[in-house]
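data-v2.cif, holding mmCIF, C-alpha atoms:
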```cif
data_coords
loop_
_atom_site.label_atom_id
_atom_site.label_comp_id
_atom_site.auth_asym_id
_atom_site.auth_seq_id
_atom_site.Cartn_x
_atom_site.Cartn_y
_atom_site.Cartn_z
CA MET A 1 0.00 0.00 0.00
CA ASN A 2 1.17 3.46 -0.77
CA SER A 3 2.91 4.91 2.33
CA ARG A 4 1.33 8.32 1.87
CA LYS A 5 -2.11 6.81 1.85
CA VAL A 6 -1.31 4.94 5.02
CA ASP A 7 -0.18 8.21 6.70
CA VAL A 8 -3.36 9.96 5.70
CA GLU A 9 -5.45 7.15 7.02
CA ARG A 10 -3.56 7.25 10.32
CA ARG A 11 -4.13 11.04 10.81
CA LYS A 12 -7.87 11.06 10.13
CA GLY A 13 -8.53 11.28 13.92
CA GLU A 14 -6.49 14.47 14.24
CA LYS A 15 -8.72 16.64 12.05
CA GLY A 16 -9.53 20.09 13.76
CA ALA A 17 -6.84 19.90 16.49
CA ALA A 18 -5.01 22.99 15.19
CA LEU A 19 -8.24 24.96 15.18
CA VAL A 20 -9.03 24.02 18.75
CA THR A 21 -5.50 24.94 19.84
CA ALA A 22 -5.74 28.31 18.07
CA ILE A 23 -9.09 29.04 19.71
CA LEU A 24 -7.74 28.19 23.15
CA ILE A 25 -4.68 30.39 22.69
CA SER A 26 -6.83 33.26 21.34
CA THR A 27 -9.19 32.96 24.31
CA LEU A 28 -6.24 33.17 26.70
CA LEU A 29 -4.85 36.21 24.90
CA LEU A 30 -8.25 37.89 24.93
CA ALA A 31 -8.57 37.23 28.67
CA VAL A 32 -5.13 38.72 29.32
CA GLY A 33 -5.92 41.73 27.11
CA GLY A 34 -9.28 42.24 28.80
CA THR A 35 -7.67 42.15 32.22
CA VAL A 36 -5.11 44.75 31.12
CA ILE A 37 -7.88 46.98 29.75
CA LEU A 38 -9.99 46.55 32.91
CA THR A 39 -7.04 47.29 35.18
CA SER A 40 -6.09 50.36 33.16
CA GLY A 41 -9.66 51.61 33.31
CA MET A 42 -9.91 51.05 37.04
CA SER A 43 -6.58 52.81 37.61
CA ALA A 44 -7.74 55.80 35.63
CA THR A 45 -11.02 55.89 37.58
CA THR A 46 -9.17 55.58 40.89
CA ALA A 47 -6.84 58.42 39.91
CA ILE A 48 -9.80 60.62 38.99
CA GLU A 49 -11.60 59.77 42.25
CA SER A 50 -8.43 60.41 44.27
CA THR A 51 -8.07 63.84 42.70
CA ALA A 52 -11.69 64.64 43.48
CA GLU A 53 -11.27 63.44 47.09
CA LEU A 54 -8.14 65.55 47.47
CA GLN A 55 -9.96 68.63 46.19
CA ALA A 56 -12.77 68.01 48.68
CA TYR A 57 -10.13 67.74 51.41
CA TYR A 58 -8.69 71.09 50.32
CA GLY A 59 -12.19 72.52 50.53
CA ALA A 60 -12.65 71.30 54.10
CA GLU A 61 -9.25 72.72 55.08
CA SER A 62 -10.09 76.04 53.45
CA GLY A 63 -13.29 76.19 55.51
CA LEU A 64 -11.40 75.71 58.76
CA GLU A 65 -8.85 78.35 57.79
CA ALA A 66 -11.55 80.84 56.73
CA ALA A 67 -13.45 80.37 59.98
CA LEU A 68 -10.30 80.70 62.08
CA HIS A 69 -9.41 83.90 60.20
CA VAL A 70 -12.82 85.34 61.09
CA VAL A 71 -12.81 84.18 64.73
CA ARG A 72 -9.41 85.80 65.29
CA GLY A 73 -10.88 89.14 64.22
CA HIS A 74 -9.00 89.55 60.95
CA VAL A 75 -12.16 90.02 58.86
CA ALA A 76 -14.73 92.81 59.09
CA PRO A 77 -18.46 91.95 58.84
CA SER A 78 -20.00 92.92 55.52
CA TRP A 79 -23.28 91.07 55.14
CA GLY A 80 -26.30 92.43 56.99
CA VAL A 81 -24.88 93.22 60.44
CA ASN A 82 -23.61 96.34 62.13
CA PRO A 83 -20.05 96.98 60.85
CA SER A 84 -19.00 97.76 64.43
CA THR A 85 -19.90 94.24 65.60
CA LYS A 86 -16.80 92.69 67.14
CA MET A 87 -15.98 89.07 66.55
CA GLY A 88 -15.27 86.85 69.53
CA PHE A 89 -16.19 83.42 70.80
CA ARG A 90 -19.61 84.56 72.03
CA THR A 91 -20.42 86.27 68.75
CA ALA A 92 -19.11 83.34 66.71
CA VAL A 93 -21.50 80.80 68.28
CA ASP A 94 -24.57 83.08 68.25
CA PRO A 95 -26.41 82.75 64.89
CA ASN A 96 -28.26 86.01 65.54
CA LYS A 97 -24.94 87.85 65.50
CA SER A 98 -22.67 85.77 63.29
CA ASN A 99 -25.16 85.14 60.46
CA ARG A 100 -26.53 87.73 58.06
CA SER A 101 -30.13 88.74 58.75
CA SER A 102 -31.40 86.93 55.64
CA ASP A 103 -29.72 83.63 56.57
CA HIS A 104 -32.32 80.86 56.97
CA SER A 105 -30.01 78.62 59.02
CA THR A 106 -30.52 78.20 62.75
CA GLN A 107 -26.84 77.28 63.14
CA SER A 108 -23.98 79.74 63.29
CA ARG A 109 -22.27 79.77 59.87
CA LEU A 110 -20.45 83.15 60.04
CA SER A 111 -22.41 84.19 56.96
CA ALA A 112 -22.17 87.85 57.97
CA TRP A 113 -18.41 87.55 57.55
CA ILE A 114 -18.16 84.90 54.80
CA ASP A 115 -19.96 85.08 51.45
CA TYR A 116 -22.12 82.00 50.87
CA GLY A 117 -23.47 81.37 47.39
CA GLY A 118 -26.93 80.27 46.34
CA ASN A 119 -26.11 76.65 47.09
CA ASP A 120 -25.29 77.50 50.73
CA ARG A 121 -21.62 76.92 50.05
CA VAL A 122 -18.58 79.15 49.87
CA THR A 123 -16.62 78.83 46.63
CA PRO A 124 -13.22 80.57 46.69
CA THR A 125 -12.34 82.52 43.56
CA GLY A 126 -10.82 80.25 40.91
CA ALA A 127 -11.28 77.07 42.97
CA ASN A 128 -13.08 73.92 41.80
CA TYR A 129 -14.12 73.08 45.36
CA SER A 130 -16.38 74.69 47.94
CA PHE A 131 -17.15 74.43 51.65
CA SER A 132 -19.67 75.15 54.37
CA ILE A 133 -19.00 75.63 58.08
CA VAL A 134 -20.83 75.42 61.40
CA VAL A 135 -19.55 77.00 64.64
CA SER A 136 -20.81 75.83 68.03
CA ASP A 137 -20.01 75.90 71.75
CA PRO A 138 -19.34 72.30 72.89
CA ASP A 139 -19.86 73.35 76.51
CA ASP A 140 -23.21 75.06 75.82
CA PRO A 141 -24.53 73.38 72.64
CA ASN A 142 -28.10 74.71 72.96
CA GLY A 143 -27.10 78.25 73.97
CA THR A 144 -28.89 77.91 77.32
CA GLN A 145 -26.11 79.41 79.41
CA ARG A 146 -25.44 82.11 76.83
CA ALA A 147 -29.10 83.16 76.90
CA ALA A 148 -29.26 83.21 80.71
CA ASP A 149 -25.99 85.06 81.34
CA ALA A 150 -25.10 88.16 79.33
CA THR A 151 -21.51 87.97 80.56
CA TYR A 152 -21.00 84.32 79.56
CA ARG A 153 -18.06 83.86 77.24
CA PRO A 154 -17.17 80.44 75.79
CA THR A 155 -13.68 79.25 76.60
CA ARG A 156 -13.57 77.11 73.46
CA ILE A 157 -15.53 76.63 70.26
CA GLN A 158 -15.97 73.80 67.77
CA ILE A 159 -15.69 74.53 64.05
CA GLN A 160 -16.95 71.92 61.58
CA SER A 161 -16.19 72.25 57.88
CA ILE A 162 -17.56 70.20 54.97
CA GLY A 163 -15.53 70.33 51.78
CA TYR A 164 -17.11 69.57 48.41
CA GLY A 165 -15.07 68.49 45.37
CA PRO A 166 -15.86 67.31 41.83
CA ARG A 167 -17.85 64.12 41.13
CA GLY A 168 -19.77 64.37 44.40
CA SER A 169 -16.72 63.98 46.63
CA VAL A 170 -17.12 65.15 50.26
CA LYS A 171 -14.71 65.55 53.17
CA ARG A 172 -15.60 66.51 56.74
CA MET A 173 -13.17 68.06 59.20
CA GLU A 174 -13.49 69.74 62.59
CA MET A 175 -11.27 71.55 65.07
CA ILE A 176 -11.44 72.90 68.60
CA VAL A 177 -10.27 76.48 69.09
CA GLN A 178 -9.52 77.51 72.65
CA LYS A 179 -8.54 80.70 74.41
CA LYS A 180 -5.18 80.41 76.07
CA ASP A 181 -5.96 80.44 79.78
CA PHE A 182 -4.03 83.26 81.45
CA ASP A 183 -5.23 83.31 85.04
CA PHE A 184 -4.38 86.88 85.99
CA GLN A 185 -6.13 89.62 87.94
CA PRO A 186 -3.67 92.34 89.01
CA ASN A 187 -3.13 93.05 92.70
CA ALA A 188 -1.34 96.37 92.15
CA MET A 189 -0.09 98.65 89.41
CA LEU A 190 3.47 97.48 90.18
CA LEU A 191 3.90 94.32 92.22
CA MET A 192 7.28 93.19 93.53
CA ARG A 193 7.14 89.51 94.45
CA GLY A 194 9.56 89.40 97.36
CA SER A 195 11.96 86.70 98.44
CA ASP A 196 10.59 83.73 100.34
CA ASP A 197 12.89 84.71 103.18
CA GLY A 198 11.97 88.39 103.28
CA SER A 199 13.68 89.02 106.58
CA ALA A 200 17.08 88.16 105.13
CA ALA A 201 16.89 89.74 101.67
CA GLU A 202 15.07 92.94 100.83
CA MET A 203 14.19 94.20 97.38
CA THR A 204 15.93 97.06 95.59
CA PHE A 205 13.28 99.70 94.96
CA ASP A 206 14.13 103.12 93.55
CA ILE A 207 11.27 105.01 91.87
CA GLY A 208 13.19 108.26 91.31
CA ASP A 209 13.29 111.56 93.12
CA SER A 210 11.54 113.81 90.60
CA ALA A 211 7.96 114.97 91.05
CA ALA A 212 7.60 114.55 87.27
CA LYS A 213 7.63 110.80 87.85
CA PHE A 214 4.00 109.85 88.43
CA TYR A 215 2.73 106.50 89.72
CA THR A 216 -0.88 105.51 90.31
CA GLY A 217 -3.11 102.50 90.76
CA GLN A 218 -6.21 104.53 89.85
CA ASP A 219 -7.74 102.85 86.79
CA ALA A 220 -6.99 105.04 83.79
CA SER A 221 -9.82 103.46 81.79
CA GLY A 222 -12.35 104.08 84.54
CA GLY A 223 -13.93 100.69 83.97
CA GLY A 224 -12.30 98.60 86.64
CA THR A 225 -11.38 98.60 90.31
CA ASP A 226 -8.69 100.95 91.55
CA LEU A 227 -5.62 99.19 92.93
CA PRO A 228 -2.77 100.09 95.27
CA THR A 229 0.06 101.71 93.36
CA PHE A 230 2.82 99.46 94.70
CA GLY A 231 2.39 95.95 96.03
CA VAL A 232 4.81 93.75 98.00
CA THR A 233 4.62 90.33 99.65
CA ASN A 234 6.55 90.72 102.91
CA GLY A 235 7.03 93.25 105.70
CA THR A 236 10.68 93.95 104.91
CA ASP A 237 9.84 95.01 101.35
CA LEU A 238 6.90 97.08 102.58
CA THR A 239 9.34 99.11 104.67
CA VAL A 240 11.53 99.61 101.58
CA ALA A 241 8.52 100.72 99.48
CA ASP A 242 7.29 103.13 102.15
CA GLU A 243 10.74 104.71 102.24
CA ALA A 244 10.94 104.99 98.44
CA ILE A 245 7.72 106.98 98.08
CA THR A 246 9.13 109.75 100.30
CA LYS A 247 11.96 110.60 97.87
CA GLY A 248 10.04 113.05 95.66
CA SER A 249 8.15 111.12 93.02
CA THR A 250 4.39 111.59 92.89
CA VAL A 251 2.56 108.50 94.11
CA GLU A 252 -1.24 108.44 94.39
CA GLU A 253 -3.20 106.70 97.12
CA ASP A 254 -3.35 103.89 97.94
CA GLN A 255 0.40 104.11 97.75
CA THR A 256 1.64 100.76 99.09
CA ALA A 257 0.12 97.47 100.21
CA GLN A 258 1.32 94.08 101.35
CA PHE A 259 -0.42 91.05 99.84
CA PRO A 260 -0.56 87.52 101.26
CA ILE A 261 0.96 84.86 99.01
CA GLY A 262 -2.41 83.15 98.61
CA SER A 263 -3.88 86.25 96.96
CA LEU A 264 -1.32 86.21 94.12
CA PRO A 265 -1.92 84.47 90.78
CA PRO A 266 -1.28 80.71 91.20
CA TRP A 267 1.80 80.89 88.97
CA LEU A 268 3.41 83.37 91.36
CA GLN A 269 2.70 81.64 94.66
CA THR A 270 5.68 79.27 94.45
CA ALA A 271 8.89 79.34 92.45
CA ASP A 272 8.08 75.91 90.98
CA ASN A 273 4.74 77.25 89.75
CA ALA A 274 6.52 80.23 88.22
CA ARG A 275 8.97 77.96 86.40
CA ALA A 276 6.11 75.81 85.06
CA PHE A 277 4.28 78.95 83.94
CA LEU A 278 7.31 80.18 81.99
CA ASN A 279 7.74 76.77 80.36
CA ASP A 280 4.10 76.80 79.25
CA MET A 281 4.20 80.36 77.94
CA GLN A 282 7.44 79.65 76.11
CA ILE A 283 5.72 76.84 74.22
CA VAL A 284 2.83 79.15 73.33
CA SER A 285 5.21 81.87 72.14
CA ARG A 286 7.00 79.43 69.85
CA SER A 287 3.68 78.34 68.32
CA MET A 288 2.84 82.00 67.66
CA GLY A 289 6.28 82.91 66.30
CA ARG A 290 6.85 85.34 69.18
CA TYR A 291 9.78 83.70 70.96
CA TYR A 292 13.10 85.57 71.30
CA THR A 293 16.35 84.84 73.12
CA THR A 294 17.12 88.58 73.22
CA PHE A 295 15.00 91.54 72.22
CA ASP A 296 15.71 95.17 71.33
CA GLY A 297 12.88 97.24 69.86
CA TYR A 298 9.09 97.54 69.84
CA ALA A 299 6.98 94.69 71.21
CA GLY A 300 3.68 95.15 69.38
CA SER A 301 1.77 98.40 68.94
CA ASP A 302 -1.43 100.05 70.17
CA ALA A 303 -3.16 99.05 66.93
CA ASP A 304 -1.81 95.50 67.08
CA PRO A 305 -0.94 94.35 70.62
CA LYS A 306 1.37 91.32 70.63
CA PHE A 307 2.44 88.56 72.97
CA THR A 308 6.24 88.71 73.21
CA PHE A 309 8.32 86.17 75.14
CA VAL A 310 11.98 87.06 75.67
CA ASN A 311 14.02 84.20 77.08
CA GLY A 312 16.86 86.51 78.07
CA ASN A 313 17.47 90.24 78.39
CA CYS A 314 15.24 92.84 76.77
CA THR A 315 15.82 96.49 75.84
CA LEU A 316 12.35 97.90 75.26
CA ASP A 317 11.66 100.83 72.92
CA GLY A 318 7.89 100.61 73.34
CA GLY A 319 4.86 98.69 72.17
CA ALA A 320 1.69 97.08 73.51
CA GLY A 321 0.38 93.70 74.58
CA LEU A 322 1.82 91.05 76.88
CA LEU A 323 5.57 91.11 77.43
CA ILE A 324 7.33 88.36 79.40
CA VAL A 325 11.06 88.76 80.07
CA THR A 326 13.03 86.02 81.83
CA GLY A 327 16.20 88.11 82.07
CA ASP A 328 16.61 91.81 82.83
CA LEU A 329 14.41 94.54 81.34
CA VAL A 330 15.98 97.86 80.33
CA MET A 331 13.89 100.90 79.35
CA ASN A 332 15.97 103.84 78.14
CA GLY A 333 14.69 107.18 76.85
CA ASN A 334 11.05 107.22 75.76
CA PRO A 335 9.66 103.69 75.91
CA THR A 336 5.87 103.85 76.02
CA PHE A 337 4.20 100.49 76.58
CA ASN A 338 0.54 99.62 77.09
CA GLY A 339 -0.40 96.27 78.57
CA VAL A 340 1.14 93.75 80.96
CA VAL A 341 4.85 93.43 81.67
CA LEU A 342 6.06 90.34 83.55
CA VAL A 343 9.76 90.27 84.44
CA LEU A 344 10.08 86.76 85.85
CA GLY A 345 13.41 85.09 86.44
CA GLY A 346 16.07 87.78 86.26
CA GLY A 347 13.68 89.99 88.21
CA SER A 348 15.29 93.33 87.37
CA ILE A 349 13.89 96.49 85.73
CA ASN A 350 16.08 99.49 84.98
CA ARG A 351 14.45 102.72 83.75
CA SER A 352 16.88 105.49 82.88
CA GLY A 353 17.30 108.51 80.63
CA GLY A 354 15.56 111.83 80.28
CA GLY A 355 12.63 110.66 78.19
CA ASN A 356 8.90 110.88 78.67
CA GLY A 357 7.79 107.30 78.15
CA ASN A 358 4.66 106.07 79.91
CA ILE A 359 3.40 102.62 80.86
CA HIS A 360 -0.33 101.97 81.11
CA GLY A 361 -1.38 98.60 82.48
CA THR A 362 0.45 96.65 85.17
CA ILE A 363 3.96 95.34 85.94
CA TYR A 364 5.01 92.27 87.95
CA VAL A 365 8.60 91.56 88.96
CA ALA A 366 9.94 88.34 90.51
CA LYS A 367 13.45 86.92 90.80
CA PHE A 368 14.16 83.17 90.83
CA ALA A 369 16.43 80.61 89.20
CA ARG A 370 14.88 78.94 86.20
CA SER A 371 17.61 76.31 85.87
CA TRP A 372 20.69 75.18 87.82
CA PRO A 373 23.56 72.68 87.71
CA ALA A 374 22.77 69.02 88.35
CA SER A 375 24.79 69.23 91.55
CA GLU A 376 22.08 71.57 92.96
CA ASN A 377 19.09 69.37 92.13
CA ASN A 378 18.42 68.59 95.78
CA LEU A 379 18.69 72.22 96.90
CA PRO A 380 15.76 74.63 97.25
CA HIS A 381 15.45 77.33 94.58
CA PRO A 382 12.97 79.85 96.04
CA PHE A 383 12.06 83.41 95.13
CA LEU A 384 14.85 85.93 95.67
CA ALA A 385 14.82 89.71 96.13
CA PRO A 386 13.75 91.60 92.95
CA SER A 387 14.96 94.99 91.72
CA PHE A 388 13.30 98.10 90.28
CA HIS A 389 15.45 101.14 89.53
CA THR A 390 14.53 104.52 88.02
CA SER A 391 16.91 107.37 87.23
CA GLY A 392 17.14 110.44 85.01
CA GLY A 393 14.84 113.36 84.37
CA GLY A 394 11.78 113.75 82.17
CA ASN A 395 8.14 113.04 82.69
CA ALA A 396 7.20 109.40 83.05
CA ASP A 397 3.87 107.92 84.14
CA LEU A 398 3.15 104.43 85.34
CA ARG A 399 -0.63 104.03 85.48
CA TYR A 400 -2.85 101.04 86.09
CA ASP A 401 -5.25 100.52 83.17
CA SER A 402 -7.71 97.62 83.27
CA SER A 403 -8.59 97.91 79.57
CA TRP A 404 -4.96 97.45 78.55
CA VAL A 405 -4.63 94.52 80.95
CA GLN A 406 -7.53 92.83 79.14
CA LYS A 407 -6.05 93.62 75.72
CA ALA A 408 -2.76 92.11 76.87
CA LYS A 409 -4.54 88.91 77.90
CA ASP A 410 -6.36 88.83 74.57
CA ALA A 411 -3.01 89.14 72.76
CA LEU A 412 -2.41 85.47 73.55
CA GLY A 413 -5.02 84.78 70.90
CA ASP A 414 -6.82 81.58 70.07
CA ILE A 415 -5.03 78.25 70.13
CA VAL A 416 -6.02 75.40 67.80
CA ARG A 417 -6.08 72.37 70.10
CA ASP A 418 -7.38 69.52 67.93
CA VAL A 419 -8.06 68.90 64.23
CA ARG A 420 -9.57 65.70 62.84
CA GLU A 421 -11.69 64.21 60.07
CA TYR A 422 -15.11 62.96 61.11
#
```

Kindly return the structure encoded in the file as structure tokens.
Amino acid sequence: MNSRKVDVERRKGEKGAALVTAILISTLLLAVGGTVILTSGMSATTAIESTAELQAYYGAESGLEAALHVVRGHVAPSWGVNPSTKMGFRTAVDPNKSNRSSDHSTQSRLSAWIDYGGNDRVTPTGANYSFSIVVSDPDDPNGTQRAADATYRPTRIQIQSIGYGPRGSVKRMEMIVQKKDFDFQPNAMLLMRGSDDGSAAEMTFDIGDSAAKFYTGQDASGGGTDLPTFGVTNGTDLTVADEAITKGSTVEEDQTAQFPIGSLPPWLQTADNARAFLNDMQIVSRSMGRYYTTFDGYAGSDADPKFTFVNGNCTLDGGAGLLIVTGDLVMNGNPTFNGVVLVLGGGSINRSGGGNGNIHGTIYVAKFARSWPASENNLPHPFLAPSFHTSGGGNADLRYDSSWVQKAKDALGDIVRDVREY
């Protein structure tokens, strides 16, 4: 039999095998190609959604920043309220004051300060996201205490912001804004915190011998309680103060007074408390960008009182606000300062020159070691005798002023305590 015919006969059972193999391979290739196409499509969709989510996140952040800008008083009202309305925590949480008169919302949205569009959202110029905000008092959520007490002032507020991005993306964020607690009610216009062992170490106290030097605890703003002009904390220093006021300077009644330690602010009752207070205020000053190791110049202004923390010596040209100096304070020439001056640590003030600088507010002076060698860790480090020295001619007033004391406390501003998504 022909061999070719035999071969053909033998292969009759293999008809269609190549076709089946080709179909199987094609199916596999199509599956791989489909997977690649599906994965690419999903990646593109995920990238688009991620961009939209990120834009919504930016919107929520922008809402928090806008609200914080308003609460800190950097924006004037412009939508249906009295332009003289002052922003503060109480105003911020009261919808009758923080919202424009046409606002239908029963929640505080700061719409008198921030321009909401027709969709009840704020859309920054040129942005492809928007936001809405709600401000509330977490300690008085229904406003009951605020309605019952006209003097009630929230110590913290909650700001919630919803950010809206493209493709229906939404992000929610909230933060707590809190007033920095500065527990301080002045005892005197100028208080010298004496040494813990007053019988052994007396303060240096020289207020000048010119009648042009004027000292008073009478409230210059007329809105508070008059205070003694000079305050001390022990009998030895009271004797020194009583002697100083006989040298020629003009000192109004009540001229001097001795205060028990328990009547002082808590941070001035013990040297350990004073050290802890300085540590805390140093942290706050760093967060506000107002920390200095030395200082020479103006610490704030009447129009813009500042919190200034000098961890060292300070030569003051003037200013306004809250000034804390841990070294020695020097005031030469014409330094006019309005607010609160705390010289804690070095405990020395030197006023000299023939200028006419005035201080309105209050001054506290205390001397104590803030740090020491390790070899002295087991030794006491109490308050020591402080120093106040005035020399030179010229007019110079030191007056208690309750309004400037309050402005100095307000200069600490609002601290953002917590931020989170919810």

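Evaluated against this file, the PyMOL selection byres ((chain A and resi 215-221) around 7) yields Ala188, Met189, Lys213, Phe214, Gly222, Gly223, Gly224, Thr225, Asp226, Leu227, Pro228, Thr229, Thr250, Val251, Glu252, Asp397, Leu398, Arg399, Tyr400, Asp401, Ser402 and Ser403 of chain A.
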
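In this structure, CA of Arg290 (chain A) sits 24.1 Å away from CA of Ala271 (chain A).
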
Would you list the contacts of Gly194 (chain A) as a PyMOL selection string, taking every protein, DNA or RNA residue within 12 Å and counting all atoms listed in the file, but skipping same-chain residues closer than 2 positions in sequence? chain A and resi 191-192+196-205+231-238+240-241+258-261+264+268-271+344+347+364-368+382-388

Enumerate, as a ChimeraX atom specification, the protein, DNA and RNA residues whose atoms approach (-9.3, 67.4, 44.7) to within 9 Å, taking into account all atoms listed in the file and the coordinate frame of the file. /A:48-59,128-129,164-166,169

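Taking all atoms listed in the file into account, Gln282 (chain A) lies nearest to A:Thr326 out of the set A:Thr326, A:Thr256, A:Gly262, A:Gly339.
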
Could you spell out the hits of the PyMOL selection byres ((chain A and resi 88-93) around 9) on the shown file, as a short mmCIF file (atom, residue, chain, number, x, y, z; two decimals) with C-alpha atoms, in the coordinates of the input?
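See out.cif below for the written result:
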```cif
data_model
loop_
_atom_site.label_atom_id
_atom_site.label_comp_id
_atom_site.auth_asym_id
_atom_site.auth_seq_id
_atom_site.Cartn_x
_atom_site.Cartn_y
_atom_site.Cartn_z
CA VAL A 70 -12.82 85.34 61.09
CA VAL A 71 -12.81 84.18 64.73
CA ARG A 72 -9.41 85.80 65.29
CA GLY A 73 -10.88 89.14 64.22
CA THR A 85 -19.90 94.24 65.60
CA LYS A 86 -16.80 92.69 67.14
CA MET A 87 -15.98 89.07 66.55
CA ASP A 94 -24.57 83.08 68.25
CA PRO A 95 -26.41 82.75 64.89
CA ASN A 96 -28.26 86.01 65.54
CA LYS A 97 -24.94 87.85 65.50
CA SER A 98 -22.67 85.77 63.29
CA ASN A 99 -25.16 85.14 60.46
CA GLN A 107 -26.84 77.28 63.14
CA SER A 108 -23.98 79.74 63.29
CA ARG A 109 -22.27 79.77 59.87
CA LEU A 110 -20.45 83.15 60.04
CA VAL A 134 -20.83 75.42 61.40
CA VAL A 135 -19.55 77.00 64.64
CA SER A 136 -20.81 75.83 68.03
CA ASP A 137 -20.01 75.90 71.75
CA GLY A 143 -27.10 78.25 73.97
CA ARG A 146 -25.44 82.11 76.83
CA TYR A 152 -21.00 84.32 79.56
CA ARG A 153 -18.06 83.86 77.24
CA PRO A 154 -17.17 80.44 75.79
CA THR A 155 -13.68 79.25 76.60
CA ARG A 156 -13.57 77.11 73.46
CA ILE A 157 -15.53 76.63 70.26
CA GLN A 158 -15.97 73.80 67.77
CA LYS A 179 -8.54 80.70 74.41
#
```

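With distances taken over all atoms listed in the file, A:Gly361 is the one residue among A:Gly168, A:Gly297, A:Gly361, A:Gly333 lying closest to Gly321 (chain A).
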
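In this structure, CA of Asn350 (chain A) sits 11.2 Å away from CA of Gly208 (chain A).
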
Give as a ChimeraX atom specification the residues that the PyMOL selection byres ((chain A and resi 180) around 8) matches when applied to the coordinates above. /A:178-179,181-182,412-415
